[in-house]
Structure formats: structure tokens, C-alpha cells
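This is model-v2.txt. It holds compact mmCIF, C-alpha atoms and all ligand atoms.
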# COMPACT_ATOMS: atom_id res chain seq x y z
CA MET A 25 -10.26 10.58 -25.60
CA THR A 26 -10.24 10.76 -21.79
CA THR A 27 -7.66 13.39 -20.95
CA PHE A 28 -6.20 14.25 -17.56
CA PRO A 29 -5.07 17.67 -16.37
CA ASP A 30 -1.53 18.80 -17.16
CA GLY A 31 0.86 17.65 -14.48
CA PHE A 32 -1.26 14.64 -13.51
CA LEU A 33 1.09 12.22 -11.77
CA TRP A 34 1.31 8.87 -13.54
CA GLY A 35 3.39 6.55 -11.40
CA ALA A 36 4.12 2.95 -10.53
CA ALA A 37 4.44 1.34 -7.11
CA THR A 38 6.46 -1.33 -5.28
CA ALA A 39 7.49 -2.13 -1.70
CA ALA A 40 10.85 -3.05 -0.19
CA TYR A 41 10.29 -6.59 1.05
CA GLN A 42 8.43 -7.53 -2.11
CA ILE A 43 11.26 -6.66 -4.51
CA GLU A 44 14.60 -6.02 -2.81
CA GLY A 45 15.88 -9.41 -1.64
CA ALA A 46 19.33 -9.08 -0.02
CA VAL A 47 17.73 -9.60 3.36
CA ALA A 48 20.97 -10.26 5.18
CA GLU A 49 23.17 -7.79 3.33
CA ASP A 50 24.84 -4.56 4.38
CA GLY A 51 23.63 -4.67 7.94
CA ARG A 52 19.88 -5.12 7.39
CA GLY A 53 18.21 -6.62 10.46
CA PRO A 54 15.45 -9.24 10.29
CA SER A 55 11.84 -8.13 9.96
CA ILE A 56 8.60 -9.83 10.92
CA TRP A 57 8.24 -10.89 7.30
CA ASP A 58 11.57 -12.74 7.39
CA THR A 59 10.33 -14.62 10.41
CA PHE A 60 6.89 -15.24 8.95
CA THR A 61 8.07 -16.47 5.55
CA HIS A 62 10.44 -18.90 7.24
CA THR A 63 7.61 -20.32 9.34
CA PRO A 64 6.46 -23.59 7.75
CA GLY A 65 2.98 -23.31 6.27
CA ALA A 66 2.71 -19.52 6.52
CA VAL A 67 3.26 -18.69 2.85
CA LEU A 68 2.22 -20.54 -0.29
CA ARG A 69 4.89 -23.11 -1.28
CA GLY A 70 7.20 -21.75 1.42
CA ASP A 71 8.18 -18.79 -0.76
CA THR A 72 10.20 -16.02 0.88
CA GLY A 73 11.47 -12.53 0.05
CA ASP A 74 15.09 -13.62 0.55
CA VAL A 75 15.89 -12.92 -3.10
CA ALA A 76 12.59 -11.60 -4.50
CA CYS A 77 13.39 -9.51 -7.61
CA ASP A 78 16.96 -8.87 -6.46
CA HIS A 79 16.19 -5.18 -6.87
CA TYR A 80 18.76 -4.35 -4.18
CA HIS A 81 21.44 -5.22 -6.75
CA ARG A 82 19.57 -4.50 -9.97
CA TRP A 83 18.05 -1.13 -9.14
CA PRO A 84 19.87 0.90 -11.86
CA ALA A 85 18.46 -1.31 -14.62
CA ASP A 86 15.04 -1.23 -12.93
CA LEU A 87 15.08 2.55 -12.88
CA ASP A 88 15.91 2.48 -16.60
CA LEU A 89 12.72 0.49 -17.14
CA LEU A 90 10.77 3.13 -15.22
CA SER A 91 12.24 5.70 -17.60
CA GLU A 92 11.14 3.62 -20.58
CA LEU A 93 7.66 3.48 -19.12
CA GLY A 94 7.70 7.26 -18.84
CA VAL A 95 6.38 7.54 -15.28
CA GLY A 96 6.55 10.90 -13.53
CA ALA A 97 6.87 9.32 -10.09
CA TYR A 98 7.90 6.03 -8.51
CA ARG A 99 6.47 4.87 -5.21
CA PHE A 100 8.86 2.64 -3.26
CA SER A 101 9.20 1.87 0.42
CA VAL A 102 12.15 2.20 2.75
CA ALA A 103 12.80 -0.90 4.84
CA TRP A 104 12.93 0.12 8.50
CA PRO A 105 15.22 -2.86 9.31
CA ARG A 106 17.79 -1.62 6.78
CA ILE A 107 17.95 1.76 8.51
CA VAL A 108 17.55 0.75 12.17
CA PRO A 109 18.26 -3.00 12.22
CA ALA A 110 16.93 -3.53 15.76
CA GLY A 111 14.04 -1.09 15.31
CA SER A 112 15.44 1.39 17.82
CA GLY A 113 18.96 2.51 18.61
CA GLN A 114 21.88 1.94 16.24
CA ILE A 115 21.53 3.37 12.73
CA ASN A 116 22.89 1.47 9.74
CA ALA A 117 24.65 3.87 7.36
CA ALA A 118 24.72 1.32 4.52
CA GLY A 119 20.93 1.17 4.54
CA LEU A 120 20.64 4.92 4.19
CA ASP A 121 23.24 4.86 1.42
CA PHE A 122 21.10 2.45 -0.59
CA TYR A 123 18.02 4.69 -0.55
CA ASP A 124 20.20 7.74 -1.16
CA ARG A 125 21.50 6.15 -4.37
CA LEU A 126 17.99 5.09 -5.37
CA THR A 127 16.63 8.60 -4.80
CA ASP A 128 19.41 10.19 -6.83
CA GLY A 129 18.97 7.56 -9.54
CA LEU A 130 15.32 8.50 -9.87
CA LEU A 131 15.98 12.22 -9.92
CA GLU A 132 18.69 11.77 -12.56
CA ARG A 133 16.03 10.13 -14.70
CA GLY A 134 13.50 12.89 -14.06
CA ILE A 135 11.29 10.69 -11.86
CA ASP A 136 9.88 11.98 -8.56
CA PRO A 137 10.41 9.66 -5.59
CA MET A 138 7.31 8.91 -3.52
CA VAL A 139 8.60 7.27 -0.34
CA THR A 140 6.50 4.96 1.82
CA LEU A 141 8.07 4.81 5.26
CA TYR A 142 6.37 1.61 6.43
CA HIS A 143 5.19 -1.14 4.14
CA TRP A 144 4.80 -3.94 6.71
CA ASP A 145 8.43 -4.90 7.43
CA LEU A 146 8.56 -4.21 11.17
CA PRO A 147 11.98 -4.99 12.66
CA GLN A 148 11.69 -8.38 14.39
CA ALA A 149 13.41 -7.00 17.47
CA LEU A 150 10.41 -4.74 18.02
CA GLN A 151 7.99 -7.61 17.52
CA ASP A 152 9.89 -9.41 20.25
CA ARG A 153 8.89 -6.50 22.50
CA GLY A 154 5.20 -6.68 21.53
CA GLY A 155 5.29 -5.17 18.03
CA TRP A 156 2.42 -2.83 17.17
CA ALA A 157 0.57 -3.88 20.31
CA ASN A 158 3.31 -2.07 22.24
CA ARG A 159 2.74 1.70 22.32
CA ASP A 160 6.50 2.36 22.27
CA THR A 161 6.67 1.10 18.69
CA ALA A 162 4.90 4.29 17.58
CA SER A 163 7.68 6.44 19.07
CA TYR A 164 10.41 4.24 17.58
CA PHE A 165 8.74 4.67 14.21
CA ALA A 166 8.87 8.46 14.50
CA ASP A 167 12.57 8.24 15.46
CA TYR A 168 13.30 6.15 12.38
CA VAL A 169 11.30 8.51 10.16
CA ARG A 170 13.42 11.44 11.35
CA VAL A 171 16.56 9.58 10.34
CA VAL A 172 15.27 8.86 6.85
CA HIS A 173 14.03 12.41 6.45
CA GLU A 174 17.35 13.86 7.56
CA ARG A 175 19.08 11.94 4.78
CA LEU A 176 16.53 12.16 1.94
CA GLY A 177 14.39 15.14 2.89
CA ASP A 178 16.12 17.57 0.52
CA ARG A 179 15.11 15.41 -2.48
CA VAL A 180 11.79 13.69 -1.73
CA PRO A 181 8.64 15.53 -2.85
CA TYR A 182 6.13 12.94 -1.60
CA TRP A 183 6.11 11.04 1.70
CA LEU A 184 3.68 8.39 2.86
CA THR A 185 3.90 7.33 6.48
CA LEU A 186 2.14 3.95 6.40
CA ASN A 187 0.89 1.65 3.72
CA GLU A 188 -2.49 0.07 4.46
CA PRO A 189 -2.77 0.12 8.25
CA TYR A 190 -5.83 -2.13 7.78
CA CYS A 191 -3.58 -4.96 6.59
CA SER A 192 -0.93 -4.42 9.26
CA ALA A 193 -3.58 -4.40 11.99
CA PHE A 194 -6.28 -6.79 10.88
CA VAL A 195 -4.67 -9.14 8.36
CA GLY A 196 -1.58 -9.45 10.56
CA HIS A 197 -3.21 -9.61 14.00
CA LEU A 198 -6.80 -10.84 13.44
CA ASP A 199 -6.88 -12.97 10.27
CA GLY A 200 -3.33 -14.13 10.99
CA THR A 201 -2.47 -14.60 7.32
CA HIS A 202 0.16 -11.85 7.31
CA ALA A 203 3.06 -11.32 9.70
CA PRO A 204 3.14 -11.49 12.64
CA GLY A 205 0.43 -14.13 12.15
CA LEU A 206 -1.70 -13.45 15.24
CA ARG A 207 -5.45 -14.04 15.61
CA ASP A 208 -6.69 -11.85 18.42
CA GLN A 209 -9.19 -9.03 17.93
CA ARG A 210 -8.12 -7.13 21.03
CA VAL A 211 -4.48 -7.18 19.96
CA ALA A 212 -5.49 -6.23 16.41
CA VAL A 213 -7.43 -3.15 17.41
CA THR A 214 -4.68 -2.10 19.83
CA ALA A 215 -2.17 -2.48 16.99
CA LEU A 216 -4.45 -0.42 14.74
CA HIS A 217 -4.42 2.45 17.22
CA HIS A 218 -0.65 2.32 17.66
CA LEU A 219 -0.16 2.26 13.89
CA LEU A 220 -2.28 5.40 13.53
CA LEU A 221 -0.43 6.92 16.47
CA ALA A 222 2.86 6.13 14.72
CA HIS A 223 1.52 7.90 11.65
CA GLY A 224 0.56 10.95 13.72
CA LYS A 225 3.89 11.06 15.52
CA ALA A 226 5.73 10.73 12.21
CA VAL A 227 3.76 13.58 10.63
CA THR A 228 4.49 15.77 13.65
CA ALA A 229 8.19 14.85 13.56
CA LEU A 230 8.43 15.58 9.84
CA ARG A 231 6.79 18.98 10.30
CA ALA A 232 9.09 19.77 13.25
CA ASP A 233 12.07 18.89 11.07
CA GLY A 234 10.92 21.26 8.32
CA VAL A 235 9.76 18.75 5.75
CA THR A 236 9.40 20.40 2.33
CA GLY A 237 7.82 17.42 0.56
CA GLN A 238 4.13 16.66 0.84
CA VAL A 239 3.10 14.30 3.61
CA GLY A 240 0.34 11.71 3.42
CA ILE A 241 -0.68 8.13 4.24
CA SER A 242 -2.00 5.30 2.04
CA CYS A 243 -5.10 3.49 3.24
CA ASN A 244 -6.68 0.58 1.44
CA LEU A 245 -10.39 1.38 1.26
CA THR A 246 -13.26 -0.67 -0.03
CA SER A 247 -16.68 0.00 -1.45
CA VAL A 248 -19.11 -1.74 0.91
CA LEU A 249 -22.69 -2.34 -0.17
CA PRO A 250 -25.48 -4.34 1.50
CA ALA A 251 -26.50 -7.46 -0.42
CA SER A 252 -30.19 -6.54 0.06
CA ASP A 253 -32.48 -4.03 1.81
CA ASP A 254 -33.00 -6.46 4.66
CA PRO A 255 -32.23 -4.53 7.88
CA ALA A 256 -29.89 -7.34 8.96
CA ASP A 257 -27.85 -6.96 5.76
CA LEU A 258 -27.82 -3.18 6.16
CA ALA A 259 -26.49 -3.55 9.71
CA ALA A 260 -23.88 -6.08 8.57
CA SER A 261 -22.71 -3.78 5.82
CA ARG A 262 -22.38 -0.91 8.29
CA ARG A 263 -20.24 -3.13 10.52
CA LEU A 264 -17.97 -4.17 7.65
CA ASP A 265 -17.68 -0.54 6.59
CA LEU A 266 -16.59 0.28 10.13
CA HIS A 267 -13.96 -2.45 9.99
CA GLU A 268 -12.59 -1.70 6.53
CA ASN A 269 -13.03 2.05 6.18
CA ARG A 270 -14.35 4.14 9.05
CA MET A 271 -11.87 2.84 11.66
CA PHE A 272 -9.21 4.60 9.59
CA LEU A 273 -10.95 7.55 7.95
CA ASN A 274 -12.72 8.84 11.06
CA PRO A 275 -9.66 9.13 13.33
CA LEU A 276 -7.51 10.51 10.50
CA PHE A 277 -9.98 13.17 9.36
CA PHE A 278 -12.41 13.70 12.24
CA GLY A 279 -10.02 13.05 15.14
CA ALA A 280 -12.37 10.45 16.67
CA TYR A 281 -13.09 6.76 16.33
CA PRO A 282 -16.59 6.04 15.01
CA PRO A 283 -19.35 5.93 17.65
CA ASP A 284 -20.05 2.24 16.89
CA ALA A 285 -16.39 1.17 17.35
CA ALA A 286 -16.68 0.21 21.02
CA ALA A 287 -19.69 -2.02 20.34
CA GLN A 288 -17.66 -3.90 17.74
CA TYR A 289 -14.23 -4.07 19.42
CA GLY A 290 -14.82 -3.33 23.11
CA GLU A 291 -13.74 -0.17 24.94
CA LEU A 292 -10.81 1.53 23.20
CA SER A 293 -9.05 1.87 26.53
CA PHE A 294 -5.61 2.16 24.94
CA VAL A 295 -6.45 5.64 23.55
CA ARG A 296 -4.74 8.32 25.65
CA ASP A 297 -5.31 12.04 25.85
CA GLY A 298 -3.78 13.78 22.86
CA ASP A 299 -3.55 10.67 20.66
CA LEU A 300 -6.37 11.64 18.35
CA GLU A 301 -5.01 15.17 17.90
CA LEU A 302 -1.77 13.60 16.72
CA ILE A 303 -3.54 11.08 14.49
CA SER A 304 -5.59 13.80 12.81
CA ALA A 305 -2.64 16.15 12.26
CA PRO A 306 -3.18 17.95 8.94
CA LEU A 307 -1.85 16.20 5.84
CA ASP A 308 -0.93 17.49 2.39
CA TYR A 309 -2.51 14.67 0.39
CA PHE A 310 -4.20 11.32 0.94
CA GLY A 311 -3.30 8.04 -0.76
CA ILE A 312 -6.00 5.51 -1.57
CA ASN A 313 -5.29 1.90 -2.47
CA TYR A 314 -8.35 0.38 -4.07
CA TYR A 315 -8.85 -3.27 -4.95
CA GLU A 316 -12.19 -4.46 -3.65
CA ALA A 317 -15.91 -3.83 -3.50
CA HIS A 318 -17.87 -5.98 -1.06
CA HIS A 319 -21.51 -6.96 -1.06
CA VAL A 320 -22.38 -7.87 2.48
CA ARG A 321 -24.84 -10.29 4.05
CA ALA A 322 -25.65 -10.72 7.71
CA ASP A 323 -23.96 -13.63 9.42
CA PRO A 324 -25.07 -14.70 12.90
CA VAL A 325 -21.59 -15.91 13.88
CA HIS A 326 -19.21 -13.34 12.41
CA GLY A 327 -21.59 -10.38 12.09
CA TRP A 328 -20.99 -10.07 8.36
CA GLN A 329 -20.28 -12.19 5.35
CA ARG A 330 -18.72 -10.91 2.13
CA VAL A 331 -20.72 -12.35 -0.77
CA PRO A 332 -18.26 -14.19 -3.02
CA PRO A 333 -17.80 -12.32 -6.32
CA ALA A 334 -19.41 -13.76 -9.45
CA ASN A 335 -16.14 -13.69 -11.40
CA PRO A 336 -13.25 -14.06 -8.96
CA THR A 337 -9.74 -13.21 -10.11
CA ALA A 338 -6.57 -15.13 -9.21
CA THR A 339 -6.71 -13.85 -5.63
CA GLY A 340 -10.42 -14.59 -5.24
CA ILE A 341 -11.60 -10.98 -5.33
CA GLY A 342 -13.83 -9.47 -7.99
CA VAL A 343 -13.28 -6.56 -10.37
CA ASN A 344 -15.38 -3.47 -9.70
CA PRO A 345 -14.07 -0.21 -11.16
CA ARG A 346 -17.24 1.65 -10.14
CA GLY A 347 -16.13 1.01 -6.55
CA LEU A 348 -13.03 3.14 -7.12
CA ARG A 349 -15.17 6.06 -8.19
CA ASP A 350 -17.44 5.53 -5.17
CA VAL A 351 -14.50 5.41 -2.75
CA LEU A 352 -12.88 8.54 -4.22
CA GLU A 353 -16.15 10.44 -4.08
CA ARG A 354 -16.90 9.29 -0.56
CA VAL A 355 -13.51 10.38 0.72
CA TYR A 356 -13.85 13.75 -0.95
CA PHE A 357 -17.49 14.48 -0.16
CA ASP A 358 -17.59 12.98 3.36
CA TYR A 359 -14.07 13.38 4.73
CA THR A 360 -11.54 15.71 3.16
CA SER A 361 -10.88 18.17 0.38
CA LEU A 362 -7.19 17.20 0.31
CA PRO A 363 -5.66 16.23 -3.03
CA LEU A 364 -6.08 12.48 -3.49
CA VAL A 365 -3.75 9.98 -5.15
CA VAL A 366 -4.62 6.43 -6.16
CA THR A 367 -1.42 5.03 -4.67
CA GLU A 368 -2.32 1.47 -5.74
CA THR A 369 -4.72 -0.52 -7.80
CA GLY A 370 -4.01 -3.62 -9.83
CA LEU A 371 -4.95 -7.10 -10.94
CA ALA A 372 -3.35 -10.45 -10.08
CA LEU A 373 -3.01 -12.85 -13.00
CA HIS A 374 -1.09 -16.02 -13.84
CA ASP A 375 0.89 -14.34 -16.61
CA TYR A 376 3.17 -16.41 -18.83
CA VAL A 377 5.62 -15.76 -21.65
CA ALA A 378 4.27 -16.99 -24.99
CA PRO A 379 6.60 -18.81 -27.41
CA ASP A 380 7.01 -15.57 -29.37
CA GLY A 381 8.27 -13.84 -26.22
CA GLY A 382 5.16 -11.71 -25.76
CA ILE A 383 3.11 -11.48 -22.57
CA ASP A 384 -0.55 -10.99 -23.37
CA ASP A 385 -2.24 -9.56 -20.28
CA HIS A 386 -5.26 -7.98 -21.94
CA GLU A 387 -7.34 -8.58 -18.78
CA ARG A 388 -4.95 -6.31 -16.89
CA ILE A 389 -5.18 -3.68 -19.62
CA ALA A 390 -8.99 -3.83 -19.41
CA PHE A 391 -8.75 -3.59 -15.62
CA PHE A 392 -6.53 -0.51 -15.68
CA GLU A 393 -8.48 1.10 -18.47
CA ALA A 394 -11.71 0.76 -16.50
CA HIS A 395 -10.09 2.04 -13.30
CA VAL A 396 -8.46 5.00 -15.04
CA ARG A 397 -11.87 5.82 -16.49
CA ALA A 398 -13.51 5.50 -13.05
CA ALA A 399 -10.87 7.82 -11.62
CA HIS A 400 -11.59 10.30 -14.39
CA ASP A 401 -15.32 10.08 -13.71
CA ALA A 402 -14.64 10.90 -10.07
CA MET A 403 -12.60 13.92 -11.15
CA SER A 404 -15.47 15.06 -13.35
CA ALA A 405 -17.65 14.90 -10.23
CA GLY A 406 -15.23 17.25 -8.49
CA VAL A 407 -12.74 14.92 -6.78
CA PRO A 408 -9.26 16.54 -6.64
CA LEU A 409 -7.34 13.48 -7.83
CA ILE A 410 -3.71 14.30 -8.69
CA GLY A 411 -2.12 10.92 -9.41
CA PHE A 412 -2.56 7.26 -10.32
CA PHE A 413 -0.08 4.49 -9.43
CA PRO A 414 -0.65 0.98 -10.80
CA TRP A 415 0.33 -1.89 -8.56
CA SER A 416 2.85 -2.95 -9.51
CA PHE A 417 5.83 -1.81 -11.52
CA MET A 418 7.01 -5.43 -11.73
CA ASP A 419 5.95 -8.88 -10.52
CA ASN A 420 7.03 -9.46 -6.95
CA PHE A 421 6.59 -11.37 -3.71
CA GLU A 422 2.85 -11.25 -3.06
CA TRP A 423 2.90 -11.86 0.72
CA ALA A 424 0.96 -15.01 1.73
CA SER A 425 0.55 -15.90 -1.97
CA GLY A 426 4.32 -15.89 -2.45
CA TYR A 427 5.23 -15.88 -6.15
CA GLY A 428 1.97 -17.67 -7.00
CA VAL A 429 0.32 -14.63 -8.62
CA ARG A 430 1.68 -11.72 -10.61
CA TYR A 431 0.66 -8.05 -10.48
CA GLY A 432 3.44 -6.42 -12.53
CA LEU A 433 3.50 -4.32 -15.65
CA TYR A 434 6.86 -6.04 -16.14
CA TYR A 435 7.14 -9.81 -15.96
CA VAL A 436 9.95 -11.12 -13.74
CA ASP A 437 11.55 -14.45 -14.59
CA TYR A 438 12.60 -15.45 -11.09
CA LEU A 439 15.17 -17.98 -12.35
CA THR A 440 17.14 -15.49 -14.43
CA GLN A 441 15.85 -12.22 -12.93
CA GLN A 442 15.12 -11.04 -16.44
CA ARG A 443 12.40 -8.39 -16.71
CA LEU A 444 10.10 -8.39 -19.73
CA PRO A 445 7.43 -5.81 -20.58
CA LYS A 446 3.92 -7.22 -20.61
CA ASP A 447 1.39 -5.81 -23.06
CA SER A 448 0.10 -3.72 -20.15
CA ALA A 449 3.49 -1.98 -19.86
CA HIS A 450 3.26 -0.90 -23.49
CA TRP A 451 -0.35 0.16 -22.98
CA TYR A 452 0.50 2.14 -19.83
CA ALA A 453 3.41 3.89 -21.56
CA SER A 454 0.98 5.07 -24.23
CA VAL A 455 -1.48 6.31 -21.59
CA ILE A 456 1.28 8.29 -19.89
CA LYS A 457 2.42 9.73 -23.20
CA ALA A 458 -1.10 10.77 -24.17
CA ASN A 459 -1.90 11.87 -20.60
CA GLY A 460 -5.07 9.84 -20.80
CA LEU A 461 -6.93 7.11 -22.62
CA THR A 462 -6.83 7.22 -26.37
CA GLY A 463 -9.04 5.26 -28.71
CA ASP A 464 -12.25 5.91 -26.82
CA SER A 465 -15.10 8.24 -27.53
O1 LIG B 501 1.05 -6.49 -2.95
C1 LIG B 501 0.14 -5.75 -2.20
C2 LIG B 501 0.78 -4.50 -1.65
O2 LIG B 501 1.90 -4.78 -0.90
C3 LIG B 501 -0.20 -3.76 -0.79
N1 LIG B 501 -1.45 -3.56 -1.45
C4 LIG B 501 -2.05 -4.67 -2.12
C5 LIG B 501 -1.04 -5.35 -3.03
C6 LIG B 501 -1.69 -6.53 -3.77
O3 LIG B 501 -2.20 -7.45 -2.89
Would you write the structure of this file as C-alpha cells?
Ligand code: IFM
Amino acid sequence: MTTFPDGFLWGAATAAYQIEGAVAEDGRGPSIWDTFTHTPGAVLRGDTGDVACDHYHRWPADLDLLSELGVGAYRFSVAWPRIVPAGSGQINAAGLDFYDRLTDGLLERGIDPMVTLYHWDLPQALQDRGGWANRDTASYFADYVRVVHERLGDRVPYWLTLNEPYCSAFVGHLDGTHAPGLRDQRVAVTALHHLLLAHGKAVTALRADGVTGQVGISCNLTSVLPASDDPADLAASRRLDLHENRMFLNPLFFGAYPPDAAAQYGELSFVRDGDLELISAPLDYFGINYYEAHHVRADPVHGWQRVPPANPTATGIGVNPRGLRDVLERVYFDYTSLPLVVTETGLALHDYVAPDGGIDDHERIAFFEAHVRAAHDAMSAGVPLIGFFPWSFMDNFEWASGYGVRYGLYYVDYLTQQRLPKDSAHWYASVIKANGLTGDS
């Protein structure tokens, strides 16, 4: 039996654009993801989040499923364009009302809300003014955060400013496979800085407004290992580690970009006096999203090459639970003694409903079991881990992959919007009930 401490927070996670639908209802403004998904060729099969899981209308029944699962907390995101449709200026009361009802619905069911304030759905009106490459966006974000906090602050015990600034900055502005679909390293690294600045300004605003909940941020971190001892591979792995991890961890916890950042990205001339003090403002906890370990080879053109995994999953990445332990230990031993939460980890599969109505996702169960065990191992090594949130509560819109892969504990039939528990949902409910893994030595 692998048991967790009393009070360990077992949760489940989602994000607004991936589940809500209702993109044009009750005053919501368009976001960069509305624009991107309606751009031909941007998303697999032309899928969009227009309807998604229709959670905007079905949230009471969805919260009942969370109760059935037995989670202690639910991580959801607030859509900035529902609250401030043009990104700055006019506030939309109906948007606030929605999250007010959702928050109360959770509390009525004894579930703690964990609120992500930005999960990639930047109001399009701000993108039209330069998006994250425009420094003003950071201040508009803090303004919006104050509005949400004013309404929900008396009931939310856990706040997260940003989800995965790596993806917003680099997948959206360098790889170009996420909104806003740009491919420009200079713009990407400028956006990265303004995202972190937005985080810092939001933390400062929340503190000034007397936040009582705990404040953190979720970063997706990877375990990066050289493919060999060859000095070229070692150097390549250090560069990828800069790109995927240190560009976020160092400013957040050390108040400085890594010394090798300028060599990789050029002078960080957009950093102004005082920015890094804001970015490194003290937090109450730190959220880690873990999906990937990378073995790295030198590449003369791109500087690094991720070695393709031996057994790729539906999204092409490998499974490496040991990497979760390594990431947790690295963050704790090298960066911060803050409480840590695994705010996401999960496995994409092509789940299907069998003729008997069951959904056998034993690979997902094995994935979670191994990652829960890795998290426990990290705790045994001293890591102050306080929670674990599988991605995702239910199948949803998986960004550039549309509805082509599924991550949920609950299966969503997108034609009928019926939700069905997969085997992993039953398994996870038993883990929560036992506060750990049963059936092991
Ligand atoms: O679906 C995403 C989520 O929005 C952010 N983290 C990774 C998940 C799986 O790709």
C-alpha cells in the first residue's frame, strides 16, 4: 500500500476553452483560440471549441460527476474573454455570474475550487494590439485578475495565475502550432517575458487586494537528459533545458534569467527595471504540469534534437514516470521549498466504448499508477508535494489535435454530450478513497 498524508489534495483538472463551448453566449468576447480554430488548416479536421463539452450549460451534472469521483479539489480556468470581452475596459457581469455559480456549486459539494486565471484564451482584441508581445497586456491581465478576485476571492482557496507559460510563449509564437500561430523567436521570448510579468503583476495585485487563498502558477516542466556523454549532446541538452525549464524557473525563483539566455535568444532588451522583482514575488505554492522526458542530441541546425521515444503514445510523446520524480526533486532541491502540486499529468489515448458499454483504458490506469508512485517516491525523498491533479476530468478539445485524442477520466460522446466513466475513473475513485495505491506491496 502506498499511502499519502492526511489531507493530500486529490483533484482533477480542465480548462475553459477546452470544455465550456458557448463561445458567443452571455457577452463572451472572441479569444485568440476562436480565431485560430476558425483558421483553415490550423487544427486537426477543423475542430473548434465552439461547443466542446457544452460544460457552460451542463456544469451542474458535471460537478455531480466530480462528487462521484470523490475529488477534494477541482482545477478549472476562468475565461478572460467572458469577464472582460475586449481584454480591457468593460466588464461582463454575466461572465462573472457563471463562475460564481460554478464556485458555489463546487463548495456545496464539498470540493475546493482551484482557479487558473489564464489558460491560453487571450481576448482577440488584445491580440489585435500585439497580444503578449505588447507589454500593456501584462497590466490588462492584472486588472482582469482583480475583477475575478473581487467576485470570487471570499470562496477560492487556490489561485493559479498562468497555465504553462512555455506553451503560450513558445508553442504559440515560435512553433506556431497554437494560437496565435506565430513563428518568430524574438516575438516568442518577448511574449514569454510579458507573460511572466503578467504573473508577477497579478500576484502583487492579489496581495494588495488581501487575497486569502494561496497563490501560485502552473509551469509545464520536462526532464531533460543528454542522449550520450558526447560534449555536443551535453551542450544541446543544456540548451533544451534552458528553453523548457530554466527560462521559467530562474526568473520565478531566482529573480534573474539564466546567464546563457542571451546567447540563445539575443539580448533580453525588453526587461525593465523592477520586472524581475515582480516576477519573483513570493508565492504560496507551485504547480507543476508534467508530461514529457526528453533525451537530447546535438543538431547543427536547430541546436538540439529530441530523440523520438521508443514507444510513442497517441500524441507522439513517450511515457516516463521517473521524469516526474526527477522534476519534483529538482524543483525542490534546486529552486524552492514551497509546497508543490502536480497540477496536471495525463495520457492521450483513442478511447472507445465497447459493446458492453465499458471503456477499458488500462494503459491510462498504468500511467497514473506509475506517476502517483513516482510522486510518492519524490515525497519520500523530502519533496513537499501536497496535491495531484490528473489531466483531465473529462475528454475535451485538445488544442491543435482537436477531438482527435482523449485525455479524460470520463469519456465524452460529442454527439450526445453523454459522459461515461472510463475504467480509470473507477480506479481513481478508489485511489482517492484509500488515499493512495492499494494492491501493491
Ligand atoms: O490539454 C492540455 C492542457 O490544456 C495543458 N496541458 C497539457 C494538456 C494535454 O496536452
Rank nothing, just name the residue among A:Ala157, A:Val325, A:Val67, A:Ala390 nearest to His197 in chain A, using all atoms listed in the file.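 Of the candidates, the smallest distance to His197 in chain A is held by A:Ala157.
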Using all atoms listed in the file, find each residue with an atom at most 9 Å away from ligand LIG 501 (chain B) and format the answer as a ChimeraX atom specification. /A:37-39,41-42,143-144,187-188,191,244,313-315,339,368-372,415-416,420-423,425,431
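Restricting the calculation to only C-alpha atoms, the smallest distance between Tyr168 in chain A and any of A:Leu302, A:Ala117, A:Ile456, A:Val108 is found for A:Val108.
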Could you pull the residues within 8 Å of Thr228 in chain A, counting all atoms listed in the file, minus those fewer than 3 positions along the same chain, as an NGL selection string? :A and (224-225 or 231-232 or 302 or 305)
Neighbours of point (18.4, 7.7, 5.4) within 12 Å, using all atoms listed in the file, written as an NGL selection string: :A and (101-108 or 115-127 or 139 or 141 or 167-180)
Quick one, how far is CA of Trp451 in chain A from CA of Gly96 in chain A?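 Going from CA of Trp451 in chain A over to CA of Gly96 in chain A, I get 15.9 Å.
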Surrounding residues of His318 in chain A excluding itself and chain neighbours under 6 positions, 8 Å, all atoms listed in the file, as an mmCIF file with C-alpha atoms, keeping the file's coordinate frame:
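Everything below was put into part.cif:
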data_model
loop_
_atom_site.group_PDB
_atom_site.id
_atom_site.type_symbol
_atom_site.label_atom_id
_atom_site.label_comp_id
_atom_site.auth_asym_id
_atom_site.auth_seq_id
_atom_site.Cartn_x
_atom_site.Cartn_y
_atom_site.Cartn_z
ATOM 1 C CA THR A 246 -13.260 -0.670 -0.030
ATOM 2 C CA SER A 247 -16.680 0.000 -1.450
ATOM 3 C CA VAL A 248 -19.110 -1.740 0.910
ATOM 4 C CA LEU A 249 -22.690 -2.340 -0.170
ATOM 5 C CA ARG A 330 -18.720 -10.910 2.130
ATOM 6 C CA VAL A 331 -20.720 -12.350 -0.770
#
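Counting from CA of Ala215 in chain A, the distance to CA of Asn158 in chain A is 7.6 Å.
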Could you tell me how far CA of Asp323 in chain A sits from CA of Trp156 in chain A, in Å to one decimal place?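 About the pair CA of Trp156 in chain A and CA of Asp323 in chain A: they are 29.5 Å apart.
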Axis-aligned box over every listed atom of range 155-172 of chain A, padded by 3 Å per side: centre and edges in Å to one decimal, as JSON?
{"center_x": 8.6, "center_y": 3.1, "center_z": 14.6, "size_x": 22.0, "size_y": 22.6, "size_z": 21.5}
Mind checking which residues fall within 10 Å of Val455 in chain A, counting only C-alpha atoms, ignoring those fewer than 5 positions away in the same chain, and posting them as a list in words?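 Everything that qualifies: Thr26, Thr27, Trp34, Leu93, Gly94, Glu393, Val396, Ala449, His450, Gly460, Leu461 and Thr462 of chain A.
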